[in-house]
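The file work31.txt comes next; it holds compact mmCIF, C-alpha atoms.
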# COMPACT_ATOMS: atom_id res chain seq x y z
CA MET P 1 59.26 83.35 -73.69
CA ALA P 2 61.99 80.85 -72.93
CA GLU P 3 61.76 79.11 -69.58
CA THR P 4 64.55 79.85 -67.09
CA ILE P 5 65.66 78.36 -63.78
CA LYS P 6 65.06 81.64 -61.98
CA GLY P 7 64.44 81.04 -58.28
CA ARG P 8 63.75 77.32 -58.72
CA THR P 9 66.88 76.09 -56.96
CA ALA P 10 69.19 77.25 -54.18
CA VAL P 11 72.58 76.59 -52.66
CA VAL P 12 71.84 75.21 -49.20
CA GLY P 13 75.25 73.97 -48.09
CA ILE P 14 78.85 75.09 -48.46
CA GLY P 15 82.05 73.40 -47.32
CA GLN P 16 85.78 73.74 -47.70
CA THR P 17 89.07 72.37 -46.48
CA ALA P 18 91.92 74.38 -45.09
CA PHE P 19 94.00 76.18 -47.70
CA GLY P 20 97.72 75.61 -47.96
CA LYS P 21 100.69 74.86 -50.15
CA GLY P 22 101.83 71.28 -50.28
CA LEU P 23 98.97 69.80 -48.23
CA PRO P 24 99.51 66.05 -47.63
CA ASP P 25 96.01 65.01 -48.74
CA THR P 26 95.26 63.79 -52.25
CA GLU P 27 92.87 65.71 -54.49
CA LEU P 28 90.30 62.95 -53.95
CA SER P 29 90.62 63.22 -50.19
CA LEU P 30 90.29 67.01 -50.32
CA ALA P 31 87.20 66.73 -52.53
CA CYS P 32 85.55 64.27 -50.16
CA GLN P 33 86.29 66.45 -47.13
CA ALA P 34 84.77 69.55 -48.74
CA ILE P 35 81.68 67.68 -49.96
CA SER P 36 81.12 66.10 -46.56
CA ALA P 37 81.41 69.51 -44.89
CA ALA P 38 78.92 71.04 -47.34
CA LEU P 39 76.39 68.27 -46.72
CA ASP P 40 76.76 68.67 -42.98
CA ASP P 41 76.28 72.43 -43.39
CA ALA P 42 73.03 71.75 -45.24
CA GLY P 43 71.84 69.00 -42.90
CA ILE P 44 71.50 66.55 -45.79
CA ALA P 45 72.64 62.92 -45.62
CA PRO P 46 75.20 61.80 -48.22
CA SER P 47 72.86 59.01 -49.32
CA GLU P 48 70.40 61.64 -50.59
CA VAL P 49 72.83 63.06 -53.15
CA ASP P 50 71.95 61.95 -56.68
CA GLY P 51 73.66 64.59 -58.83
CA LEU P 52 77.30 65.59 -59.37
CA ALA P 53 78.95 68.43 -61.30
CA SER P 54 82.69 69.04 -61.47
CA PHE P 55 85.53 70.49 -63.54
CA ASN P 56 86.71 68.26 -66.38
CA MET P 57 90.23 68.74 -64.98
CA GLU P 58 89.14 66.25 -62.30
CA ALA P 59 88.90 63.43 -64.80
CA ASP P 60 86.79 60.38 -63.94
CA ARG P 61 86.47 61.26 -60.26
CA GLU P 62 82.68 60.85 -59.85
CA VAL P 63 82.85 57.13 -59.09
CA ASP P 64 85.50 57.54 -56.40
CA VAL P 65 83.76 60.54 -54.83
CA ALA P 66 80.38 58.82 -54.75
CA ARG P 67 81.80 55.68 -53.19
CA SER P 68 84.08 57.43 -50.71
CA VAL P 69 81.50 59.92 -49.41
CA GLY P 70 78.69 57.34 -49.36
CA LEU P 71 76.42 58.99 -51.90
CA GLY P 72 73.22 57.43 -53.22
CA ASP P 73 72.38 56.33 -56.74
CA ILE P 74 73.65 59.06 -59.06
CA THR P 75 71.15 59.96 -61.78
CA PHE P 76 72.95 63.00 -63.16
CA PHE P 77 76.63 63.80 -63.58
CA ALA P 78 78.42 66.33 -65.76
CA GLN P 79 81.70 68.16 -66.13
CA VAL P 80 82.57 71.61 -67.47
CA GLY P 81 85.81 72.53 -69.19
CA TYR P 82 88.19 75.47 -69.50
CA GLY P 83 89.74 75.59 -66.06
CA GLY P 84 88.82 78.74 -64.20
CA GLY P 85 85.91 79.36 -66.58
CA ALA P 86 84.05 76.38 -65.09
CA GLY P 87 83.44 77.56 -61.50
CA CYS P 88 80.00 79.04 -61.96
CA GLY P 89 79.42 76.59 -64.80
CA VAL P 90 79.36 73.53 -62.56
CA VAL P 91 77.02 75.25 -60.09
CA GLY P 92 74.69 76.35 -62.88
CA THR P 93 74.78 72.90 -64.47
CA ALA P 94 73.83 71.31 -61.15
CA ALA P 95 71.05 73.86 -60.67
CA MET P 96 69.64 73.11 -64.12
CA ALA P 97 69.70 69.39 -63.35
CA VAL P 98 67.72 69.90 -60.14
CA ALA P 99 65.29 72.33 -61.79
CA THR P 100 64.53 69.88 -64.60
CA GLY P 101 64.13 66.82 -62.41
CA GLN P 102 67.30 64.99 -63.40
CA CYS P 103 68.24 64.82 -59.74
CA GLU P 104 67.02 66.13 -56.39
CA VAL P 105 70.21 66.94 -54.46
CA ALA P 106 73.30 67.92 -56.43
CA VAL P 107 76.84 68.60 -55.35
CA ALA P 108 79.34 70.76 -57.25
CA TRP P 109 82.96 70.99 -56.18
CA ARG P 110 86.56 71.77 -57.03
CA ALA P 111 89.64 70.13 -55.49
CA ARG P 112 93.13 71.15 -56.47
CA LYS P 113 96.74 70.39 -55.59
CA ARG P 114 98.54 73.40 -57.01
CA ALA P 115 101.77 72.36 -55.33
CA ASP P 116 102.01 69.48 -57.81
CA LYS P 117 103.76 71.23 -60.69
CA ALA P 118 103.13 68.35 -63.08
CA SER P 119 99.37 68.88 -62.67
CA ARG P 120 99.41 72.46 -63.93
CA PRO P 121 97.89 72.89 -67.39
CA TRP P 122 100.95 74.84 -68.59
CA ALA P 123 103.49 72.29 -67.34
CA GLN P 124 106.14 71.31 -69.89
CA VAL P 125 105.21 74.27 -72.06
CA SER P 126 108.05 73.65 -74.49
CA GLN P 127 106.11 70.62 -75.72
CA ARG P 128 102.79 72.43 -75.98
CA ILE P 129 103.05 74.23 -79.29
CA THR P 130 100.21 72.59 -81.21
CA GLY P 131 97.00 74.30 -82.28
CA HIS P 132 96.59 77.96 -81.40
CA TRP P 133 99.64 77.83 -79.11
CA GLN P 134 101.91 77.75 -82.16
CA TRP P 135 101.21 81.44 -82.68
CA THR P 136 102.35 82.56 -79.21
CA ARG P 137 104.50 80.08 -77.28
CA PRO P 138 107.46 79.96 -79.69
CA PHE P 139 107.75 83.71 -79.13
CA GLY P 140 107.98 83.54 -75.33
CA ILE P 141 104.32 83.76 -74.26
CA LEU P 142 104.49 80.59 -72.22
CA ARG P 143 102.35 81.05 -69.11
CA PRO P 144 98.86 82.40 -68.43
CA VAL P 145 100.45 85.50 -66.87
CA ASP P 146 102.28 86.20 -70.14
CA GLU P 147 99.05 85.84 -72.09
CA VAL P 148 97.17 88.23 -69.80
CA ALA P 149 100.08 90.68 -69.81
CA MET P 150 99.60 91.12 -73.56
CA LEU P 151 95.91 91.98 -73.12
CA THR P 152 96.82 94.33 -70.27
CA ARG P 153 99.25 96.23 -72.50
CA ARG P 154 96.52 96.56 -75.12
CA HIS P 155 94.09 97.97 -72.52
CA MET P 156 96.75 100.41 -71.30
CA HIS P 157 97.42 101.53 -74.87
CA GLU P 158 93.77 101.90 -75.83
CA TYR P 159 92.35 103.45 -72.67
CA GLY P 160 95.18 104.79 -70.51
CA THR P 161 94.84 102.17 -67.81
CA THR P 162 97.72 102.43 -65.31
CA ARG P 163 99.58 100.34 -62.78
CA ASP P 164 97.85 102.39 -60.09
CA HIS P 165 94.55 100.91 -61.29
CA LEU P 166 96.01 97.42 -61.01
CA ALA P 167 97.33 98.28 -57.57
CA ASN P 168 93.83 99.36 -56.52
CA VAL P 169 92.67 95.82 -57.21
CA ALA P 170 95.50 94.09 -55.36
CA LEU P 171 95.24 96.40 -52.34
CA ALA P 172 91.47 96.08 -52.05
CA PHE P 173 91.58 92.29 -52.06
CA ARG P 174 94.40 92.14 -49.55
CA LYS P 175 92.46 94.50 -47.29
CA HIS P 176 89.48 92.15 -47.47
CA ALA P 177 91.66 89.09 -46.80
CA ASN P 178 93.06 90.77 -43.70
CA ARG P 179 89.58 90.43 -42.16
CA ASN P 180 89.21 86.80 -43.22
CA PRO P 181 90.71 84.32 -40.71
CA LEU P 182 90.73 81.57 -43.35
CA ALA P 183 92.58 83.58 -46.00
CA THR P 184 96.09 82.52 -46.95
CA MET P 185 97.20 86.16 -46.89
CA GLY P 186 94.99 87.16 -43.99
CA HIS P 187 98.00 87.96 -41.82
CA LYS P 188 99.99 89.89 -44.44
CA THR P 189 99.23 93.53 -45.21
CA LEU P 190 100.14 95.18 -48.51
CA THR P 191 100.99 98.82 -49.22
CA ARG P 192 101.03 100.69 -52.51
CA ASP P 193 104.79 101.17 -52.22
CA GLU P 194 105.27 97.44 -51.74
CA TYR P 195 103.13 96.81 -54.80
CA MET P 196 105.01 99.32 -56.97
CA ASN P 197 108.42 97.98 -55.92
CA ALA P 198 107.57 94.29 -56.36
CA ARG P 199 109.45 92.18 -58.89
CA TRP P 200 108.07 91.71 -62.36
CA ILE P 201 106.42 88.41 -63.25
CA SER P 202 105.49 89.40 -66.80
CA GLU P 203 105.67 93.13 -67.37
CA PRO P 204 103.46 95.12 -66.76
CA LEU P 205 102.27 92.54 -64.19
CA CYS P 206 104.20 92.26 -60.94
CA LEU P 207 104.14 89.70 -58.16
CA TYR P 208 101.00 91.14 -56.56
CA ASP P 209 99.00 91.08 -59.81
CA ASN P 210 98.99 87.28 -59.67
CA CYS P 211 96.81 84.78 -57.87
CA LEU P 212 98.15 82.48 -55.19
CA GLU P 213 99.23 78.86 -55.59
CA THR P 214 96.85 76.95 -53.32
CA ASP P 215 95.98 73.39 -52.35
CA GLY P 216 92.44 72.89 -51.12
CA ALA P 217 88.87 72.02 -52.02
CA LEU P 218 85.43 73.60 -51.84
CA ALA P 219 81.91 72.32 -52.48
CA VAL P 220 78.29 73.45 -52.61
CA VAL P 221 74.98 71.58 -52.28
CA ILE P 222 72.02 72.51 -54.50
CA THR P 223 68.39 71.54 -53.95
CA SER P 224 64.98 72.73 -55.13
CA ALA P 225 63.74 76.03 -53.74
CA GLU P 226 60.97 74.17 -51.92
CA ARG P 227 63.35 71.89 -50.06
CA ALA P 228 65.76 74.76 -49.41
CA ARG P 229 63.29 76.37 -47.02
CA ASP P 230 63.66 73.42 -44.63
CA CYS P 231 67.47 73.17 -44.65
CA ARG P 232 69.76 74.33 -41.87
CA GLN P 233 71.07 77.46 -43.57
CA PRO P 234 69.40 80.44 -45.27
CA PRO P 235 69.18 79.58 -48.98
CA ALA P 236 71.07 81.45 -51.67
CA TYR P 237 68.66 81.22 -54.59
CA VAL P 238 70.03 80.73 -58.09
CA HIS P 239 68.41 83.68 -59.83
CA ALA P 240 70.28 83.53 -63.15
CA PHE P 241 73.08 81.58 -64.77
CA ALA P 242 74.95 81.88 -68.05
CA GLN P 243 78.02 80.75 -69.91
CA GLY P 244 79.92 82.68 -72.57
CA LEU P 245 82.11 81.80 -75.53
CA PRO P 246 82.17 84.78 -77.89
CA ARG P 247 82.51 84.80 -81.66
CA GLN P 248 86.08 84.35 -82.93
CA HIS P 249 87.35 83.66 -79.41
CA GLN P 250 90.83 82.27 -78.85
CA THR P 251 91.41 80.87 -75.38
CA MET P 252 93.67 83.18 -73.35
CA THR P 253 95.32 84.54 -76.52
CA ASN P 254 92.52 86.64 -77.95
CA TYR P 255 94.96 88.89 -79.78
CA PHE P 256 93.95 87.98 -83.33
CA THR P 257 90.23 88.70 -83.12
CA ASP P 258 88.49 91.84 -84.36
CA ASP P 259 88.17 93.07 -80.77
CA PRO P 260 90.73 91.48 -78.39
CA LEU P 261 89.33 93.26 -75.32
CA ARG P 262 85.78 92.03 -75.84
CA GLY P 263 86.20 88.70 -74.11
CA PRO P 264 83.90 85.94 -72.82
CA ALA P 265 82.43 88.17 -70.08
CA TRP P 266 80.51 90.10 -72.72
CA ALA P 267 78.82 87.00 -74.13
CA ALA P 268 78.05 85.60 -70.67
CA ALA P 269 76.71 88.94 -69.44
CA ARG P 270 74.28 89.31 -72.32
CA ARG P 271 72.61 86.00 -71.49
CA LEU P 272 72.92 86.41 -67.72
CA TRP P 273 71.08 89.74 -67.57
CA ALA P 274 68.54 88.60 -70.18
CA ASN P 275 67.62 85.71 -67.87
CA ALA P 276 67.41 87.91 -64.77
CA ASP P 277 64.95 90.34 -63.21
CA VAL P 278 67.94 92.36 -61.98
CA GLY P 279 70.83 94.10 -63.69
CA PRO P 280 74.29 95.42 -62.86
CA GLN P 281 72.72 98.38 -61.07
CA ASP P 282 71.07 96.01 -58.58
CA VAL P 283 74.19 94.04 -57.63
CA LYS P 284 75.27 94.87 -54.09
CA VAL P 285 78.47 92.80 -54.05
CA ALA P 286 80.49 90.94 -56.68
CA GLN P 287 83.01 88.12 -56.68
CA LEU P 288 84.91 88.57 -59.95
CA TYR P 289 87.43 85.99 -61.10
CA ASP P 290 90.89 87.28 -60.28
CA ALA P 291 93.63 84.97 -61.43
CA PHE P 292 95.26 88.27 -62.42
CA SER P 293 94.35 91.82 -61.46
CA PRO P 294 93.60 93.06 -65.02
CA LEU P 295 90.79 90.50 -65.29
CA ILE P 296 88.85 92.56 -62.73
CA ILE P 297 89.03 95.63 -64.97
CA LEU P 298 87.91 93.60 -67.99
CA SER P 299 85.07 92.00 -66.00
CA LEU P 300 83.80 95.31 -64.63
CA GLU P 301 83.38 96.42 -68.23
CA GLY P 302 82.09 93.13 -69.59
CA TYR P 303 79.35 92.70 -66.97
CA GLY P 304 78.14 96.26 -67.40
CA PHE P 305 79.30 98.03 -64.26
CA CYS P 306 81.01 100.69 -66.37
CA GLY P 307 81.65 101.55 -70.00
CA ARG P 308 84.40 100.33 -72.33
CA GLY P 309 87.76 101.58 -71.12
CA GLU P 310 86.35 102.72 -67.77
CA GLY P 311 87.29 99.64 -65.74
CA GLY P 312 90.56 101.15 -64.51
CA PRO P 313 89.08 104.43 -63.21
CA PHE P 314 86.18 102.46 -61.70
CA THR P 315 88.65 101.06 -59.15
CA ASP P 316 89.75 104.53 -57.96
CA GLY P 317 88.74 106.05 -54.64
CA GLY P 318 88.13 102.74 -52.87
CA ASN P 319 85.23 102.02 -55.22
CA ILE P 320 85.69 98.24 -55.02
CA GLU P 321 86.52 98.13 -51.31
CA TRP P 322 84.42 97.11 -48.34
CA PRO P 323 82.57 98.67 -46.62
CA ASP P 324 82.17 102.02 -48.40
CA GLY P 325 82.83 101.20 -52.04
CA ARG P 326 80.18 101.52 -54.71
CA LEU P 327 80.69 97.83 -55.54
CA PRO P 328 82.69 95.79 -53.00
CA VAL P 329 84.54 93.10 -54.95
CA ASN P 330 86.07 89.81 -53.77
CA THR P 331 85.20 90.40 -50.16
CA SER P 332 87.00 87.29 -48.86
CA GLY P 333 90.25 88.21 -50.61
CA GLY P 334 89.63 86.32 -53.86
CA GLY P 335 92.19 84.29 -55.75
CA MET P 336 94.86 86.90 -55.15
CA SER P 337 94.70 87.01 -51.36
CA GLU P 338 92.36 84.30 -49.98
CA ALA P 339 93.14 81.22 -52.08
CA TYR P 340 93.23 80.16 -55.69
CA VAL P 341 91.20 77.03 -56.34
CA HIS P 342 90.16 77.92 -59.88
CA GLY P 343 87.76 80.54 -58.53
CA PHE P 344 85.49 78.20 -56.60
CA ASN P 345 86.11 80.09 -53.37
CA LEU P 346 84.35 83.03 -55.05
CA VAL P 347 81.19 80.92 -55.28
CA LEU P 348 81.24 80.23 -51.55
CA GLU P 349 81.80 83.90 -50.75
CA GLY P 350 78.89 84.84 -53.02
CA VAL P 351 76.70 82.51 -50.96
CA ARG P 352 78.04 83.84 -47.65
CA GLN P 353 77.10 87.38 -48.68
CA ILE P 354 73.50 86.26 -49.21
CA ARG P 355 73.53 84.41 -45.88
CA GLY P 356 74.98 87.45 -44.11
CA THR P 357 78.06 85.59 -42.83
CA SER P 358 80.96 87.12 -44.79
CA PRO P 359 83.92 88.55 -42.86
CA CYS P 360 83.33 91.67 -44.98
CA GLN P 361 79.54 91.55 -44.96
CA VAL P 362 77.88 94.08 -47.25
CA ASP P 363 74.78 95.67 -45.77
CA GLY P 364 71.61 94.70 -47.62
CA ALA P 365 73.37 92.20 -49.87
CA ASP P 366 70.28 90.72 -51.50
CA VAL P 367 71.82 90.36 -55.00
CA SER P 368 75.26 88.75 -55.28
CA LEU P 369 77.16 88.20 -58.54
CA VAL P 370 79.87 85.58 -59.04
CA THR P 371 81.90 85.24 -62.24
CA SER P 372 84.42 82.77 -63.56
CA GLY P 373 87.55 83.13 -65.67
CA GLU P 374 87.76 85.98 -68.13
CA GLY P 375 90.05 85.06 -71.01
CA VAL P 376 88.61 81.54 -71.31
CA PRO P 377 85.10 80.33 -72.13
CA THR P 378 83.40 81.40 -68.94
CA SER P 379 80.31 81.37 -66.73
CA ALA P 380 78.52 83.58 -64.23
CA ILE P 381 75.77 83.25 -61.66
CA VAL P 382 73.52 85.59 -59.71
CA PHE P 383 72.43 84.62 -56.19
CA THR P 384 69.53 86.34 -54.47
CA LYS P 385 68.12 86.33 -50.96
CA ASP P 386 64.55 85.82 -52.18
CA ALA P 387 63.34 83.29 -54.74
Could I get this structure in the form of structure tokens?
Amino acid sequence: MAETIKGRTAVVGIGQTAFGKGLPDTELSLACQAISAALDDAGIAPSEVDGLASFNMEADREVDVARSVGLGDITFFAQVGYGGGAGCGVVGTAAMAVATGQCEVAVAWRARKRADKASRPWAQVSQRITGHWQWTRPFGILRPVDEVAMLTRRHMHEYGTTRDHLANVALAFRKHANRNPLATMGHKTLTRDEYMNARWISEPLCLYDNCLETDGALAVVITSAERARDCRQPPAYVHAFAQGLPRQHQTMTNYFTDDPLRGPAWAAARRLWANADVGPQDVKVAQLYDAFSPLIILSLEGYGFCGRGEGGPFTDGGNIEWPDGRLPVNTSGGGMSEAYVHGFNLVLEGVRQIRGTSPCQVDGADVSLVTSGEGVPTSAIVFTKDA
């Protein structure tokens, strides 16, 4: 039987900056602030850090981070690609490095200045028509929201998914954010009428189907399970980790495959649950990547919480809401109502649920799932209260 990292490592520290739009700090400064806060949360000195994992969108930042935060000799460093698909990937990569002895204390982080339009991966889209983009962008599918809108239409056509199902997602996450004092939309309520009357962004997706534009940074600290027992905070053990890039996949524009609605979540889920002692039925709370509301419906299906085509109805009746839903989802507000930092805030909320410190704390949350971007090569992680 293949060896896994099950229960061998844990997240022992979490840290973040304030969220905002147009924050004055640089991405490097934000990263250093979040990492310092996470180390302080764990009670670990910066000089003890010897492993780093980050998004490849933060090119060549390890040297500056290590020097600025005062880290020790770095014996492991790695980056993971595909934007929002990398959130759980960098945490899992760091956990594997600790579990295999490449380093003893690893930090994973994401810092982002979304207010800088030139930094967005779809900036200057008129010039980006090489490779697979040549089949979509000349015909007006320019932004990620346009790409997801196409998949949403397909799901509506195939399975009868409705805008009410999408509204269920947006309303649930706003409700959760309203309990979160750190959420960007914590002070703004949302009604179904407001959702239904909102302006289109890319039909059938309206304003409230989209994530926020957020500046900020977040970080986590990973150590061995043995060391985790002596840290300041209750450990969130890394029970299982997986990545997923399915056969025939086309990033964001999966329209030309045999099964456009069978995205990366399906490949990641197969490996994730194979490496775990738990399954979807054991998950008490989930943080599902929500750059756009339809991704929740696709993820509910892909990770096995319901059958094909059942993701829309799964959201009915408050099923994804805290505190009474069958599966509370994105309990801090997620990318749509807390902040959008390529989904890394979902990782921190997954840890908080295990610690018992979420603003929407789920009773008995001993198994917590976090996923990264559906639509791109992705990753997922399961945290547990016990090793």
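The smallest atom-to-atom distance between Gly89 in chain P and any of P:Ala10, P:Val370, P:Glu321, P:Ala167, using all atoms listed in the file, is found for P:Val370.
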Counting all atoms listed in the file, which residues of range 271-337 of chain P sit at most 10 Å from some atom of range 201-209 of chain P, and what is each one's closest atom pair with its distance in Å to one decimal, listed by chain and rising residue number, as JSON lines?
{"residue": "P:Asp290", "atom": "CA", "partner": "P:Asp209", "partner_atom": "CA", "distance": 9.0}
{"residue": "P:Ala291", "atom": "CA", "partner": "P:Asp209", "partner_atom": "CA", "distance": 8.3}
{"residue": "P:Phe292", "atom": "CA", "partner": "P:Asp209", "partner_atom": "CA", "distance": 5.4}
{"residue": "P:Ser293", "atom": "CA", "partner": "P:Asp209", "partner_atom": "CA", "distance": 5.0}
{"residue": "P:Pro294", "atom": "CA", "partner": "P:Asp209", "partner_atom": "CA", "distance": 7.8}
{"residue": "P:Leu295", "atom": "CA", "partner": "P:Asp209", "partner_atom": "CA", "distance": 9.9}
{"residue": "P:Met336", "atom": "CA", "partner": "P:Asp209", "partner_atom": "CA", "distance": 7.5}
{"residue": "P:Ser337", "atom": "CA", "partner": "P:Tyr208", "partner_atom": "CA", "distance": 9.2}
Inset, instruction - Using all atoms listed in the file, find the one residue out of P:Val362, P:Ile222, P:Val367, P:Ala97 that sits nearest to Pro328 in chain P. - result: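 Checking each candidate against Pro328 in chain P, we get P:Val362 as the closest.
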Legend entry - Between CA of Ile74 in chain P and CA of Pro234 in chain P, distance in Å (one decimal): 25.8 Å
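Of the listed residues (P:Trp266, P:Phe173, P:Trp273, P:Tyr159), P:Trp266 comes nearest to Leu300 in chain P; the distances count only C-alpha atoms.
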Legend entry - Among the residues P:Ala217, P:Met252, P:Ala170, P:Ala59, the one that comes closest to Asp146 in chain P [using all atoms listed in the file]: P:Met252
Inset, instruction - For the point (82.8, 81.5, -65.5) in the file's frame, write as a PyMOL selection string all residues with an atom no more than 7 Å away, counting all atoms listed in the file. - result: chain P and resi 84-89+243+371-373+378-380
Inset, instruction - Give the answer as one residue: which of P:Arg8, P:Arg326, P:Arg270, P:Arg229 has the shortest atom-to-atom distance to Val98 in chain P, using only C-alpha atoms? - result: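 Closest to Val98 in chain P of all the choices is P:Arg8.
With distances taken over all atoms listed in the file, P:Ala269 is the one residue among P:Pro46, P:Ala269, P:Asp259, P:Ala34 lying closest to Leu245 in chain P.
In this structure, CA of Thr357 in chain P sits 19.1 Å away from CA of Phe19 in chain P.
Straight-line separation from CA of Leu71 in chain P to CA of His239 in chain P: 27.1 Å.
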Inset, instruction - For Ile297 in chain P, list every protein, DNA or RNA residue within 9 Å, evaluated using all atoms listed in the file, and leave out those in the same chain fewer than 3 positions away; present the list as a list in words. - result: His165, Leu166, Val169, Ser293, Pro294, Leu300, Glu301, Gly302, Gly309, Glu310, Gly311, Gly312, Pro313, Phe314 and Thr315 of chain P
Legend entry - Who sits within 6 Å of range 184-194 of chain P, only C-alpha atoms, same chain under 6 positions skipped, as a list in words: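 Within the cut-off, the hits are Ala177, Asn178, Ser337 and Glu338 of chain P.
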Inset, instruction - Excluding Arg154 in chain P and any residue of its chain fewer than 5 positions from it, enumerate the residues within 10 Å of it, using all atoms listed in the file, and give them as a ChimeraX atom specification. - result: /P:148-149,159-161,255,260-261
Go ahead and save the residues from that selection, with C-alpha atoms, as an mmCIF file, in the frame of the given file.
data_model
loop_
_atom_site.group_PDB
_atom_site.id
_atom_site.type_symbol
_atom_site.label_atom_id
_atom_site.label_comp_id
_atom_site.auth_asym_id
_atom_site.auth_seq_id
_atom_site.Cartn_x
_atom_site.Cartn_y
_atom_site.Cartn_z
ATOM 1 C CA VAL P 148 97.170 88.230 -69.800
ATOM 2 C CA ALA P 149 100.080 90.680 -69.810
ATOM 3 C CA TYR P 159 92.350 103.450 -72.670
ATOM 4 C CA GLY P 160 95.180 104.790 -70.510
ATOM 5 C CA THR P 161 94.840 102.170 -67.810
ATOM 6 C CA TYR P 255 94.960 88.890 -79.780
ATOM 7 C CA PRO P 260 90.730 91.480 -78.390
ATOM 8 C CA LEU P 261 89.330 93.260 -75.320
#
Within 8 Å of Gly20 in chain P, counting all atoms listed in the file, which residues show up once you throw out same-chain ones fewer than 6 positions away? Write them as a tab-separated table (two decimals) with C-alpha atoms, keeping the file's coordinate frame, please.
chain	number	residue	atom	x	y	z
P	184	THR	CA	96.09	82.52	-46.95
P	214	THR	CA	96.85	76.95	-53.32
P	215	ASP	CA	95.98	73.39	-52.35
P	216	GLY	CA	92.44	72.89	-51.12
List every protein, DNA or RNA residue with an atom no more than 8 Å from (102.7, 87.8, -74.5) in the file's coordinates, counting all atoms listed in the file, and format the result as a PDB file with C-alpha atoms, in the coordinates of the input.
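Full text of point-v8.pdb as output:
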ATOM      1  CA  THR P 136     102.350  82.560 -79.210  1.00  0.00           C
ATOM      2  CA  PHE P 139     107.750  83.710 -79.130  1.00  0.00           C
ATOM      3  CA  GLY P 140     107.980  83.540 -75.330  1.00  0.00           C
ATOM      4  CA  ILE P 141     104.320  83.760 -74.260  1.00  0.00           C
ATOM      5  CA  LEU P 142     104.490  80.590 -72.220  1.00  0.00           C
ATOM      6  CA  ASP P 146     102.280  86.200 -70.140  1.00  0.00           C
ATOM      7  CA  GLU P 147      99.050  85.840 -72.090  1.00  0.00           C
ATOM      8  CA  VAL P 148      97.170  88.230 -69.800  1.00  0.00           C
ATOM      9  CA  ALA P 149     100.080  90.680 -69.810  1.00  0.00           C
ATOM     10  CA  MET P 150      99.600  91.120 -73.560  1.00  0.00           C
TER      11      MET P 150
END
Can you patch up range 205-216 of chain P, filling it in to N, CA and C atoms, and show the result as a short mmCIF file (atom, residue, chain, number, x, y, z; two decimals), in the coordinates of the input?
data_model
loop_
_atom_site.label_atom_id
_atom_site.label_comp_id
_atom_site.auth_asym_id
_atom_site.auth_seq_id
_atom_site.Cartn_x
_atom_site.Cartn_y
_atom_site.Cartn_z
N LEU P 205 102.85 93.19 -65.37
CA LEU P 205 102.27 92.54 -64.19
C LEU P 205 103.37 92.13 -63.21
N CYS P 206 103.21 92.57 -61.97
CA CYS P 206 104.20 92.26 -60.94
C CYS P 206 103.70 91.12 -60.06
N LEU P 207 104.47 90.80 -59.05
CA LEU P 207 104.14 89.70 -58.16
C LEU P 207 102.72 89.79 -57.63
N TYR P 208 102.28 90.98 -57.23
CA TYR P 208 101.00 91.14 -56.56
C TYR P 208 99.82 91.24 -57.52
N ASP P 209 100.08 91.14 -58.82
CA ASP P 209 99.00 91.08 -59.81
C ASP P 209 98.56 89.65 -60.06
N ASN P 210 99.22 88.70 -59.41
CA ASN P 210 98.99 87.28 -59.67
C ASN P 210 98.23 86.61 -58.53
N CYS P 211 97.50 85.56 -58.89
CA CYS P 211 96.81 84.78 -57.87
C CYS P 211 97.82 83.93 -57.09
N LEU P 212 97.33 83.35 -56.02
CA LEU P 212 98.15 82.48 -55.19
C LEU P 212 98.27 81.09 -55.81
N GLU P 213 99.14 80.28 -55.26
CA GLU P 213 99.23 78.86 -55.59
C GLU P 213 98.71 78.10 -54.37
N THR P 214 97.54 77.48 -54.50
CA THR P 214 96.85 76.95 -53.32
C THR P 214 96.42 75.51 -53.51
N ASP P 215 96.61 74.70 -52.46
CA ASP P 215 95.98 73.39 -52.35
C ASP P 215 94.71 73.55 -51.52
N GLY P 216 93.68 72.83 -51.90
CA GLY P 216 92.44 72.89 -51.12
C GLY P 216 91.26 72.45 -51.96
#
